[in-house]
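For reference, the structure is listed below as C-alpha cells.
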Amino acid sequence: MAAENGKLLAVENLVVEYPVGNKTVYAVSDVSLHVDRGETLGLVGESGCGKSTLGRAVLQLRRPTAGTVMFDGTDLTKLDGEALRRMRRRLQLIFQDPIASLNPRRRIGDIVAEPLVIIGVTDRDERERRVRAVLTAVGLDPDLTMSRLPHEFSGGQCQRVCIARALILEPELVICDEPVSALDVSIRAQILNLLEDMKRRYGLTLLFIAHDLAVVKAVSDRIAVMYLGRLCEIGPTEQIFTHPAHPYTALLLDAIPVPDPSVKPAVNVPIGEPPSPIAPPSGCRFRTRCPRADQRCADHVPALREIGPGQLAACHHPLSAAN
Amino acid sequence: MTAQPLLSVEGVSVELPTPRGQLLAVDKVNLEVAAGRTLGVVGESGCGKTMLSRAILQLLPKQAALSGRIMFDGQDLVQLSPEALRRLRGRALAVVFQNPMTSLNPVLTIGTQLIETLQAHMGMAAPAAVKRGIELLAAVGIPAPEQRLRQYPHQLSGGMRQRVAIAIALSCEPKLLIADEPTTALDVTVQAQILDLLAREQQRRHMAMILITHDLGVVAGRTDEVAVMYAGRVVERAPTTTLFSHMRMPYTAALLAALPKLDSPPHTALPAIAGRPPDPTRPLPGCSFAPRCSRADDHCQAAKPPLGTADHAGGQYACWHPLQPAALARA
C-alpha cells in the first residue's frame, strides 16, 4: 500500500489519542484509507466518531499518536518547521462555521490575500490580481467585496470567502469539514455546486467530512463511514447506498428523513447513542447498538475486508453476505 | 380536520425595531392546530418561524410590536395578564428549543429542574414529584433514571439533554407543545429517535404539536399539516400529503428540489435557489420570492399575492403563477 501515482493521500494505521484528565480519548484507532488524485472521498459518521480529528491529523494540526500520512509520497508526520509549512500550501481546510472562521475586524480582500502574504508574495499588485481572480471564481464581485467586513455578508457568502481563501494558493487537496452544515437548504445547494465547480476548475482532490449522508452522496466518488474512531466501511458511493455491508451504514441510511410522506419513517434506527470514546467497547465498537452482534463481536475486533468490488467493511456479520 | 382548533393564530404580525428601520418579522399569519394534530412550520433562517412561535408563547422581545389575536383554548393570549400567562406557560403551553444546553440550567441537577417544574405547576409534594420525575425520564427513553436525576446537564450527551428538555416540557401534561427545531443540533440517528419520541407522546397524550423545522424531510412523515413560511408570511399551507403531491408554490418546490436526493447519482448538480431572501427591513411591494423565482413576471414584482382560499385538495398558496401539479414531476 505504498504511495502510488494514483494516490495523492494515503493514511496508514493512523492512531490519534489524547489525554483528558487521567484518561485517554481514543479519537482515531488504526484507520487506513487513501484518496486518489482528482477524487472526492466522503467521510461520514456521528458527532464524536473522530472524523474531524482525522482531518486535522492529516494536516498535522493535531499530531497523530501513531501511523503515517503519506501526501504525494512524503510522510507528513515526519515533517516539521519550514518543511511542513511548505507542504501545507498544498493542503487546505474549510470549516463548518464560515462566519467564525473569518476575522471580523479584517477586510475580505486582506483575509483572502493573507495566505499569499504568509508564503511571501510581496508584490501588492500581484496579490490583488490573484485575490480578484479567486473571488470572481467563487461567485463574488471583487469590487463589491474586497473592502468590506465579514459581518456585512450572509453565511453562504462568508463560506464563499472561506473557499476563496483556501483556493488562492492553488492547493491540491482540500479538506472540507462540514462545509454546509451551518447553511440553509437553499444556500447549501449553491455551496455544494460551487465546490463541485471549483474541483473541476482547479483540479482538486477533496476529503469531504460531513454527518449528512445525502449531502456526502451528492459530491463523493467514494464514501468512508467511521464509528467511534474506527473505519466501518469504505467503498464506491453507489455501492454504499444500494448495498451497505456494515449494519451501522445501513442504520445511518435508514435514519435519514425522506421528504416524501408516503415513505414512513424507519422503525429500526439504532437504539441509544454512541458510547464514550474514553471507554470504547471491546471487539467491534458498534456491537452495543448492533442488532446482529454476538459473542464473537465482543471478543474480536473485525478486520476491514473486501465485500465487493472496491468495497471493504469491518464486520463479522456483514449484510451483503446475508442478503 | 373539522375539530375545533385548540390554537388559532389570527392575523398575527410582529414588528421589531432595528437600527436599519422596522423589521416585519411575521406578516399577518393565520394558523390553526386542533388537539391531537401536528402542524409543521417550515422555512429557512430569518423567515419568521421562531418569532411566530415566540409570539404564541408571548415570549417576544420587549420592544417587539405584536398585532392580531392568538386564541388558545378559548382565551386570547395577547390580552392575558403576565400572571395568567405564567400559569399557562409550562402548564398548558410547553416548548422544546433547539439547543437543550441553553434551555437547561447548567448549575442545577436534572432532578432539581424536573421536580421544581412539577412542584411549581402541578402543586406536587416532593416525594410524589420525585416519583413522577423518574417516570417521565423513563418515558422519554433515559436509562437508569434514578441516577440521572442527580446528574448535571453537562454530564449528558446532546440527545440525552434533549430528552430531558422534552421530559420537562411534558411534565405538566401540556395541551400544546411547540418544538422549535428540536433535532437540528443532533445527529441523524438521534434525530430519528427524538422525532419518534415526540410523535409517540403527542399521540398518547392527544396533544397538539407545532413542529418547527427548516427540513422538509422532517415534516414529511410526521405532521398532519404543513405551513411553509418565507419572509415572514405563510406562502403555502396544506395537509402534508397534499403538500407533497400537489405542491403549488414555486418556493416550496424549489426548497424540495434543493435537497440532495438519495436516489440521484453522485455529482448531480443541485437545482440551487439563486440569491437569498430579501432584506426584512425593506419589504418588497410584490411577492417576496419574486426576485429568486423562475416564474416571476412584472405582476409578481408589483402586487403581493394573497394566500388564497383552500382549493379542492385543501391547499392554500400565495402565488400568481402556481405550479400545476403535473409540472411538479419535472421540478
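To be explicit about the labels: the chains of the C-alpha cells are called A, B, and onward in the order shown, and within each one the residues are counted from 1, while ligands get numbers from 1 in the order they are shown.
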Please build the interface table for chain A against chain B with a cut-off of 7 Å, listing for each qualifying residue the nearest atom pair and the distance in Å to one decimal; count only C-alpha atoms, order rows by chain and increasing number, and write it as JSON lines.
{"residue": "A:Glu46", "atom": "CA", "partner": "B:Asp187", "partner_atom": "CA", "distance": 5.8}
{"residue": "A:Ser47", "atom": "CA", "partner": "B:Asp187", "partner_atom": "CA", "distance": 6.7}
{"residue": "A:Asp184", "atom": "CA", "partner": "B:Glu44", "partner_atom": "CA", "distance": 5.9}
{"residue": "A:Val185", "atom": "CA", "partner": "B:Leu259", "partner_atom": "CA", "distance": 6.6}
{"residue": "A:Ser186", "atom": "CA", "partner": "B:Ile273", "partner_atom": "CA", "distance": 5.4}
{"residue": "A:Ala189", "atom": "CA", "partner": "B:Ala272", "partner_atom": "CA", "distance": 4.9}
{"residue": "A:Gln190", "atom": "CA", "partner": "B:Ala272", "partner_atom": "CA", "distance": 5.2}
{"residue": "A:Asn193", "atom": "CA", "partner": "B:Ala269", "partner_atom": "CA", "distance": 6.0}
{"residue": "A:Ala214", "atom": "CA", "partner": "B:Pro260", "partner_atom": "CA", "distance": 5.6}
{"residue": "A:Val215", "atom": "CA", "partner": "B:Pro260", "partner_atom": "CA", "distance": 5.8}
{"residue": "A:Lys217", "atom": "CA", "partner": "B:Pro266", "partner_atom": "CA", "distance": 5.6}
{"residue": "A:Ala218", "atom": "CA", "partner": "B:Pro266", "partner_atom": "CA", "distance": 4.8}
{"residue": "A:Val219", "atom": "CA", "partner": "B:His267", "partner_atom": "CA", "distance": 5.0}
{"residue": "A:Ser220", "atom": "CA", "partner": "B:Pro266", "partner_atom": "CA", "distance": 6.1}
{"residue": "A:Asp221", "atom": "CA", "partner": "B:Pro266", "partner_atom": "CA", "distance": 6.8}
{"residue": "A:Leu252", "atom": "CA", "partner": "B:Thr189", "partner_atom": "CA", "distance": 6.4}
{"residue": "A:Ala255", "atom": "CA", "partner": "B:Thr189", "partner_atom": "CA", "distance": 5.4}
{"residue": "A:Ile256", "atom": "CA", "partner": "B:Val188", "partner_atom": "CA", "distance": 6.3}
{"residue": "A:Pro257", "atom": "CA", "partner": "B:Gly217", "partner_atom": "CA", "distance": 4.8}
{"residue": "A:Val258", "atom": "CA", "partner": "B:Gly217", "partner_atom": "CA", "distance": 4.7}
{"residue": "A:Pro259", "atom": "CA", "partner": "B:Gly217", "partner_atom": "CA", "distance": 3.7}
{"residue": "A:Asp260", "atom": "CA", "partner": "B:Ala220", "partner_atom": "CA", "distance": 5.4}
{"residue": "A:Pro261", "atom": "CA", "partner": "B:Ala220", "partner_atom": "CA", "distance": 4.5}
{"residue": "A:Val263", "atom": "CA", "partner": "B:Gly221", "partner_atom": "CA", "distance": 6.9}
{"residue": "A:Lys264", "atom": "CA", "partner": "B:Gly221", "partner_atom": "CA", "distance": 5.8}
{"residue": "A:Pro265", "atom": "CA", "partner": "B:Gly221", "partner_atom": "CA", "distance": 6.0}
{"residue": "A:Val269", "atom": "CA", "partner": "B:Thr189", "partner_atom": "CA", "distance": 6.3}
{"residue": "A:Pro270", "atom": "CA", "partner": "B:Thr189", "partner_atom": "CA", "distance": 6.5}
{"residue": "A:Glu273", "atom": "CA", "partner": "B:Val190", "partner_atom": "CA", "distance": 7.0}
Within 8 Å of Leu102 of chain A using only C-alpha atoms, minus same-chain residues under 2 positions, as a list in words: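 Those residues are Pro98, Ile99, Ala100, Pro104, Ile111, Pro150, Cys158 and Cys162 of chain A.
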Those residues you just picked out, can you put them in a file as a tab-separated table (two decimals), in the first residue's frame with N, CA and C atoms?
chain	number	residue	atom	x	y	z
A	98	PRO	N	-18.65	29.38	8.76
A	98	PRO	CA	-17.91	30.32	7.91
A	98	PRO	C	-17.72	31.68	8.56
A	99	ILE	N	-18.68	32.07	9.40
A	99	ILE	CA	-18.58	33.41	9.99
A	99	ILE	C	-17.50	33.42	11.06
A	100	ALA	N	-17.46	32.34	11.88
A	100	ALA	CA	-16.46	32.27	12.94
A	100	ALA	C	-15.06	32.06	12.39
A	104	PRO	N	-13.35	39.09	12.20
A	104	PRO	CA	-14.39	40.10	11.98
A	104	PRO	C	-13.84	41.51	11.76
A	111	ILE	N	-8.27	39.28	4.07
A	111	ILE	CA	-8.42	37.90	4.55
A	111	ILE	C	-8.01	36.92	3.44
A	150	PRO	N	-16.51	40.99	7.21
A	150	PRO	CA	-17.33	39.77	7.19
A	150	PRO	C	-18.77	39.94	7.65
A	158	CYS	N	-20.05	34.22	3.26
A	158	CYS	CA	-18.83	34.03	4.05
A	158	CYS	C	-18.18	32.70	3.69
A	162	CYS	N	-14.39	31.90	2.47
A	162	CYS	CA	-13.51	30.86	3.04
A	162	CYS	C	-12.97	29.96	1.93
Would you return as a compact mmCIF listing (two decimals) with C-alpha atoms, in the first residue's frame the members of segment 70-293 of chain A that DSSP assigns to strand (DSSP E or B) on this structure's backbone?
# COMPACT_ATOMS: atom_id res chain seq x y z
CA MET A 70 1.64 9.98 3.01
CA PHE A 71 0.91 13.01 0.86
CA THR A 74 6.03 12.33 1.58
CA ASP A 75 5.21 11.29 5.13
CA LEU A 91 -3.34 21.14 1.57
CA GLN A 92 -6.08 23.47 2.72
CA LEU A 93 -9.01 23.28 5.11
CA ILE A 94 -12.56 24.69 5.02
CA LEU A 173 -6.02 18.61 -1.53
CA VAL A 174 -8.82 20.46 0.25
CA ILE A 175 -10.29 19.05 3.43
CA CYS A 176 -13.87 20.28 3.83
CA ASP A 177 -15.03 19.79 7.42
CA THR A 205 -8.82 16.36 -4.63
CA LEU A 206 -11.34 16.58 -1.79
CA LEU A 207 -11.75 14.94 1.58
CA PHE A 208 -15.34 15.87 2.37
CA ILE A 209 -16.29 15.38 6.02
CA ALA A 210 -19.98 15.54 6.99
CA ARG A 222 -16.28 7.01 -2.60
CA ILE A 223 -17.55 7.09 0.96
CA ALA A 224 -15.86 6.09 4.21
CA VAL A 225 -18.01 5.53 7.30
CA MET A 226 -16.50 5.98 10.76
CA TYR A 227 -17.87 4.92 14.10
CA ARG A 230 -12.76 3.16 13.66
CA LEU A 231 -13.44 2.80 9.97
CA CYS A 232 -16.57 0.64 9.49
CA GLU A 233 -16.90 0.63 5.78
CA ILE A 234 -15.43 2.23 2.67
CA GLY A 235 -16.46 1.89 -0.94
CA PRO A 236 -17.87 3.44 -4.09
Pick the closest to Ala199 of chain B from B:Leu23, B:Val164, B:Cys172, B:Leu39: which is it, counting only C-alpha atoms?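 Ranked by minimum distance to Ala199 of chain B, first place goes to B:Leu39.
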Would you work out the distance separating atom CA of Leu6 of chain B from atom CA of Ala34 of chain B, expressed in Å to one decimal?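 Atom CA of Leu6 of chain B sits 4.8 Å away from atom CA of Ala34 of chain B.
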Quick one: everything within 7 Å of Leu176 of chain B, counting only C-alpha atoms, minus sequence neighbours fewer than 6 positions away in the same chain. Send it as a PyMOL selection string. chain B and resi 92-94+207-209
Spatial neighbours of Gly6 of chain A, 10 Å, only C-alpha atoms, chain gap at least 4 places, as a list in words: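 Those residues are His34, Val35, Asp36, Arg37, Gly38, Glu39 and Asp72 of chain A.
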How would the residues just picked look written out with N, CA and C atoms as an mmCIF file, in the first residue's frame?
data_model
loop_
_atom_site.group_PDB
_atom_site.id
_atom_site.type_symbol
_atom_site.label_atom_id
_atom_site.label_comp_id
_atom_site.auth_asym_id
_atom_site.auth_seq_id
_atom_site.Cartn_x
_atom_site.Cartn_y
_atom_site.Cartn_z
ATOM 1 N N HIS A 34 -7.200 5.908 1.624
ATOM 2 C CA HIS A 34 -6.461 6.747 0.691
ATOM 3 C C HIS A 34 -7.434 7.555 -0.161
ATOM 4 N N VAL A 35 -6.923 8.628 -0.740
ATOM 5 C CA VAL A 35 -7.716 9.434 -1.661
ATOM 6 C C VAL A 35 -6.909 9.563 -2.941
ATOM 7 N N ASP A 36 -7.504 9.133 -4.049
ATOM 8 C CA ASP A 36 -6.818 9.245 -5.332
ATOM 9 C C ASP A 36 -6.832 10.693 -5.803
ATOM 10 N N ARG A 37 -5.840 11.003 -6.635
ATOM 11 C CA ARG A 37 -5.787 12.347 -7.223
ATOM 12 C C ARG A 37 -7.065 12.602 -8.019
ATOM 13 N N GLY A 38 -7.690 13.755 -7.785
ATOM 14 C CA GLY A 38 -8.895 14.117 -8.525
ATOM 15 C C GLY A 38 -10.177 13.509 -7.975
ATOM 16 N N GLU A 39 -10.053 12.761 -6.894
ATOM 17 C CA GLU A 39 -11.218 12.068 -6.341
ATOM 18 C C GLU A 39 -11.807 12.876 -5.179
ATOM 19 N N ASP A 72 1.423 12.680 -1.478
ATOM 20 C CA ASP A 72 2.238 12.725 -2.686
ATOM 21 C C ASP A 72 3.629 12.142 -2.432
#
Quick check for you: according to DSSP on this backbone, which residues of segment 36-277 of chain A are classed as helix (DSSP H, G or I)? Reply as an MDAnalysis selection string. chainID A and resid 51:58 76:78 81:88 108:118 124:137 142:145 150:152 155:167 185:202 213:219 237:242 247:254
Excluding Thr24 of chain A and any residue of its chain fewer than 4 positions from it, enumerate the residues within 10 Å of it, using only C-alpha atoms, and give them as a PDB file with N, CA and C atoms, in the first residue's frame.
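Saved result, result.pdb, follows:
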ATOM      1  N   GLU A  17      -4.733   9.688  19.875  1.00  0.00           N
ATOM      2  CA  GLU A  17      -5.245   9.575  21.239  1.00  0.00           C
ATOM      3  C   GLU A  17      -4.811  10.814  21.985  1.00  0.00           C
ATOM      4  N   TYR A  18      -5.679  11.292  22.853  1.00  0.00           N
ATOM      5  CA  TYR A  18      -5.214  12.401  23.682  1.00  0.00           C
ATOM      6  C   TYR A  18      -5.756  12.291  25.098  1.00  0.00           C
ATOM      7  N   PRO A  19      -4.970  12.819  26.040  1.00  0.00           N
ATOM      8  CA  PRO A  19      -5.350  12.669  27.433  1.00  0.00           C
ATOM      9  C   PRO A  19      -6.435  13.653  27.842  1.00  0.00           C
ATOM     10  N   VAL A  20      -7.376  13.190  28.658  1.00  0.00           N
ATOM     11  CA  VAL A  20      -8.374  14.056  29.287  1.00  0.00           C
ATOM     12  C   VAL A  20      -8.309  13.714  30.765  1.00  0.00           C
ATOM     13  N   PRO A 277     -15.865   7.654  23.679  1.00  0.00           N
ATOM     14  CA  PRO A 277     -14.572   7.231  23.130  1.00  0.00           C
ATOM     15  C   PRO A 277     -13.498   7.092  24.210  1.00  0.00           C
ATOM     16  N   ILE A 278     -13.830   7.419  25.460  1.00  0.00           N
ATOM     17  CA  ILE A 278     -12.875   7.214  26.558  1.00  0.00           C
ATOM     18  C   ILE A 278     -12.859   5.739  26.938  1.00  0.00           C
ATOM     19  N   ALA A 279     -14.008   5.079  26.841  1.00  0.00           N
ATOM     20  CA  ALA A 279     -14.075   3.662  27.168  1.00  0.00           C
ATOM     21  C   ALA A 279     -14.825   2.934  26.057  1.00  0.00           C
TER      22      ALA A 279
END
Val112 of chain A: which residues within 12 Å, counting only C-alpha atoms, same-chain residues fewer than 6 positions away excluded, as a PyMOL selection string? chain A and resi 101-103+106+118+127-135+138+142+145-150+158-169
Can you write out the residues you just picked, keeping N, CA and C atoms, as an mmCIF file, in the first residue's frame?
data_model
loop_
_atom_site.group_PDB
_atom_site.id
_atom_site.type_symbol
_atom_site.label_atom_id
_atom_site.label_comp_id
_atom_site.auth_asym_id
_atom_site.auth_seq_id
_atom_site.Cartn_x
_atom_site.Cartn_y
_atom_site.Cartn_z
ATOM 1 N N SER A 101 -14.931 31.566 11.153
ATOM 2 C CA SER A 101 -13.578 31.345 10.657
ATOM 3 C C SER A 101 -13.015 32.545 9.900
ATOM 4 N N LEU A 102 -13.746 33.658 9.915
ATOM 5 C CA LEU A 102 -13.202 34.884 9.321
ATOM 6 C C LEU A 102 -12.984 35.915 10.433
ATOM 7 N N ASN A 103 -11.836 36.557 10.423
ATOM 8 C CA ASN A 103 -11.548 37.585 11.415
ATOM 9 C C ASN A 103 -12.493 38.769 11.197
ATOM 10 N N ARG A 106 -11.097 42.297 9.913
ATOM 11 C CA ARG A 106 -10.282 42.465 8.715
ATOM 12 C C ARG A 106 -11.161 42.480 7.466
ATOM 13 N N ILE A 118 1.672 35.219 3.705
ATOM 14 C CA ILE A 118 2.402 34.230 4.510
ATOM 15 C C ILE A 118 3.463 33.515 3.674
ATOM 16 N N ARG A 127 -0.743 40.325 -5.663
ATOM 17 C CA ARG A 127 -1.687 39.812 -4.660
ATOM 18 C C ARG A 127 -3.106 40.219 -5.032
ATOM 19 N N GLU A 128 -3.277 41.492 -5.387
ATOM 20 C CA GLU A 128 -4.625 41.957 -5.705
ATOM 21 C C GLU A 128 -5.183 41.243 -6.934
ATOM 22 N N ARG A 129 -4.314 41.041 -7.900
ATOM 23 C CA ARG A 129 -4.754 40.358 -9.109
ATOM 24 C C ARG A 129 -5.258 38.947 -8.768
ATOM 25 N N ARG A 130 -4.504 38.260 -7.910
ATOM 26 C CA ARG A 130 -4.895 36.883 -7.577
ATOM 27 C C ARG A 130 -6.138 36.846 -6.694
ATOM 28 N N VAL A 131 -6.267 37.808 -5.790
ATOM 29 C CA VAL A 131 -7.464 37.870 -4.940
ATOM 30 C C VAL A 131 -8.698 38.112 -5.809
ATOM 31 N N ARG A 132 -8.570 39.037 -6.746
ATOM 32 C CA ARG A 132 -9.697 39.327 -7.633
ATOM 33 C C ARG A 132 -10.101 38.083 -8.437
ATOM 34 N N ALA A 133 -9.095 37.380 -8.919
ATOM 35 C CA ALA A 133 -9.392 36.210 -9.747
ATOM 36 C C ALA A 133 -10.129 35.145 -8.937
ATOM 37 N N VAL A 134 -9.656 34.892 -7.714
ATOM 38 C CA VAL A 134 -10.267 33.806 -6.947
ATOM 39 C C VAL A 134 -11.646 34.218 -6.424
ATOM 40 N N LEU A 135 -11.833 35.494 -6.066
ATOM 41 C CA LEU A 135 -13.159 35.941 -5.620
ATOM 42 C C LEU A 135 -14.167 35.812 -6.760
ATOM 43 N N VAL A 138 -15.276 32.214 -7.184
ATOM 44 C CA VAL A 138 -16.257 31.686 -6.223
ATOM 45 C C VAL A 138 -17.587 32.435 -6.289
ATOM 46 N N PRO A 142 -15.428 41.193 -6.886
ATOM 47 C CA PRO A 142 -14.318 41.755 -6.101
ATOM 48 C C PRO A 142 -14.546 43.215 -5.734
ATOM 49 N N THR A 145 -16.802 43.407 -2.714
ATOM 50 C CA THR A 145 -16.497 42.627 -1.521
ATOM 51 C C THR A 145 -15.169 42.979 -0.870
ATOM 52 N N MET A 146 -14.152 43.293 -1.644
ATOM 53 C CA MET A 146 -12.804 43.357 -1.094
ATOM 54 C C MET A 146 -12.642 44.323 0.070
ATOM 55 N N SER A 147 -13.339 45.452 0.036
ATOM 56 C CA SER A 147 -13.114 46.432 1.096
ATOM 57 C C SER A 147 -14.138 46.315 2.218
ATOM 58 N N ARG A 148 -14.964 45.258 2.189
ATOM 59 C CA ARG A 148 -15.983 45.134 3.230
ATOM 60 C C ARG A 148 -15.582 44.132 4.301
ATOM 61 N N LEU A 149 -16.329 44.165 5.425
ATOM 62 C CA LEU A 149 -16.017 43.302 6.572
ATOM 63 C C LEU A 149 -16.955 42.091 6.582
ATOM 64 N N PRO A 150 -16.514 40.992 7.213
ATOM 65 C CA PRO A 150 -17.325 39.767 7.194
ATOM 66 C C PRO A 150 -18.772 39.940 7.653
ATOM 67 N N CYS A 158 -20.054 34.221 3.259
ATOM 68 C CA CYS A 158 -18.833 34.031 4.046
ATOM 69 C C CYS A 158 -18.180 32.696 3.689
ATOM 70 N N GLN A 159 -19.007 31.662 3.435
ATOM 71 C CA GLN A 159 -18.410 30.380 3.064
ATOM 72 C C GLN A 159 -17.724 30.506 1.700
ATOM 73 N N ARG A 160 -18.267 31.321 0.818
ATOM 74 C CA ARG A 160 -17.591 31.563 -0.463
ATOM 75 C C ARG A 160 -16.229 32.223 -0.228
ATOM 76 N N VAL A 161 -16.182 33.160 0.723
ATOM 77 C CA VAL A 161 -14.912 33.815 1.044
ATOM 78 C C VAL A 161 -13.918 32.782 1.589
ATOM 79 N N CYS A 162 -14.390 31.901 2.472
ATOM 80 C CA CYS A 162 -13.512 30.862 3.037
ATOM 81 C C CYS A 162 -12.975 29.955 1.932
ATOM 82 N N ILE A 163 -13.843 29.639 0.966
ATOM 83 C CA ILE A 163 -13.407 28.784 -0.139
ATOM 84 C C ILE A 163 -12.365 29.523 -0.977
ATOM 85 N N ALA A 164 -12.593 30.827 -1.209
ATOM 86 C CA ALA A 164 -11.626 31.628 -1.965
ATOM 87 C C ALA A 164 -10.273 31.633 -1.247
ATOM 88 N N ARG A 165 -10.291 31.801 0.063
ATOM 89 C CA ARG A 165 -9.049 31.837 0.839
ATOM 90 C C ARG A 165 -8.326 30.489 0.759
ATOM 91 N N ALA A 166 -9.115 29.402 0.763
ATOM 92 C CA ALA A 166 -8.492 28.081 0.700
ATOM 93 C C ALA A 166 -7.902 27.812 -0.681
ATOM 94 N N LEU A 167 -8.487 28.433 -1.704
ATOM 95 C CA LEU A 167 -8.059 28.113 -3.071
ATOM 96 C C LEU A 167 -6.954 29.019 -3.595
ATOM 97 N N ILE A 168 -6.680 30.121 -2.915
ATOM 98 C CA ILE A 168 -5.799 31.119 -3.515
ATOM 99 C C ILE A 168 -4.373 30.605 -3.712
ATOM 100 N N LEU A 169 -3.952 29.639 -2.879
ATOM 101 C CA LEU A 169 -2.612 29.070 -3.063
ATOM 102 C C LEU A 169 -2.631 27.893 -4.034
#
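The coordinates place atom CA of Pro61 of chain B at 10.3 Å from atom CA of Glu15 of chain B.
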